[in-house]
Amino acid sequence: MDKQHRFDIRFIADTDEKRTRGLMFAEPLEDDEAVLFIFPRADRYGFWNKNVSFGLSLAFCDENGKIIHLADMAADDPTRVESETDDIRFVVEVK
């Protein structure tokens, strides 16, 4: 049986400015909150957690919303985490 969890979207990062800023300097996400990153085209995308005071888990999704890759980032970590493929169109960040 698949485990499902519903999240409230804190914001949708659908512009370059919103995607660049992400959750930098933001209050921590609640357990049931997420941020949805929408990219204009499928490609390989990378994230870091610099200036974010809490850890995050990322779900890299394809054009159909299928999760292709999962990754975790520690709080205030400048190490780049990148999708494993170049067919990513959406990324969901959760606590």
# chains A, B, ... in the order shown; residues from 1 in each chain; ligands from 1

$ residues_around --residues "Val94 (chain A)" --least-positions-apart "2" --cutoff "9 Å" --atoms "only C-alpha atoms" --output "ChimeraX atom specification"
/A:7,29-35,55-59,92

$ residues_around --residues "region 13-16 of chain A" --least-positions-apart "4" --cutoff "6 Å" --atoms "only C-alpha atoms" --output "PyMOL selection string"
chain A and resi 20+37-38

$ select_by_dssp --residues "region 7-71 of chain A" --states "alpha helix (DSSP H)" --output "ChimeraX atom specification"
/A:16-21

$ write_last_selection --atoms "N, CA, C and O atoms" --output "PDB file, in the first residue's frame"
ATOM      1  N   ASP A  16      12.498  33.110 -12.297  1.00  0.00           N
ATOM      2  CA  ASP A  16      13.926  33.027 -11.968  1.00  0.00           C
ATOM      3  C   ASP A  16      14.204  33.619 -10.593  1.00  0.00           C
ATOM      4  O   ASP A  16      14.980  33.060  -9.814  1.00  0.00           O
ATOM      5  N   GLU A  17      13.585  34.754 -10.285  1.00  0.00           N
ATOM      6  CA  GLU A  17      13.811  35.413  -8.995  1.00  0.00           C
ATOM      7  C   GLU A  17      13.367  34.527  -7.826  1.00  0.00           C
ATOM      8  O   GLU A  17      14.102  34.351  -6.852  1.00  0.00           O
ATOM      9  N   LYS A  18      12.180  33.947  -7.929  1.00  0.00           N
ATOM     10  CA  LYS A  18      11.677  33.079  -6.860  1.00  0.00           C
ATOM     11  C   LYS A  18      12.502  31.803  -6.740  1.00  0.00           C
ATOM     12  O   LYS A  18      12.766  31.329  -5.631  1.00  0.00           O
ATOM     13  N   ARG A  19      12.910  31.225  -7.877  1.00  0.00           N
ATOM     14  CA  ARG A  19      13.718  30.005  -7.840  1.00  0.00           C
ATOM     15  C   ARG A  19      15.091  30.277  -7.240  1.00  0.00           C
ATOM     16  O   ARG A  19      15.632  29.461  -6.500  1.00  0.00           O
ATOM     17  N   THR A  20      15.673  31.435  -7.544  1.00  0.00           N
ATOM     18  CA  THR A  20      16.998  31.782  -7.020  1.00  0.00           C
ATOM     19  C   THR A  20      16.939  32.008  -5.515  1.00  0.00           C
ATOM     20  O   THR A  20      17.808  31.549  -4.775  1.00  0.00           O
ATOM     21  N   ARG A  21      15.939  32.701  -5.042  1.00  0.00           N
ATOM     22  CA  ARG A  21      15.827  33.006  -3.605  1.00  0.00           C
ATOM     23  C   ARG A  21      15.396  31.780  -2.802  1.00  0.00           C
ATOM     24  O   ARG A  21      15.894  31.544  -1.710  1.00  0.00           O
TER      25      ARG A  21
END

$ select_by_dssp --residues "chain A" --states "strand (DSSP E or B)" --output "PyMOL selection string"
chain A and resi 8-13+33-43+46-47+56-61+67-73+81-82+88-94

$ closest_residue --among "A:Ile67, A:Ala42, A:Phe54, A:Ala74" --to "Asp87 (chain A)" --atoms "only C-alpha atoms"
A:Ala42
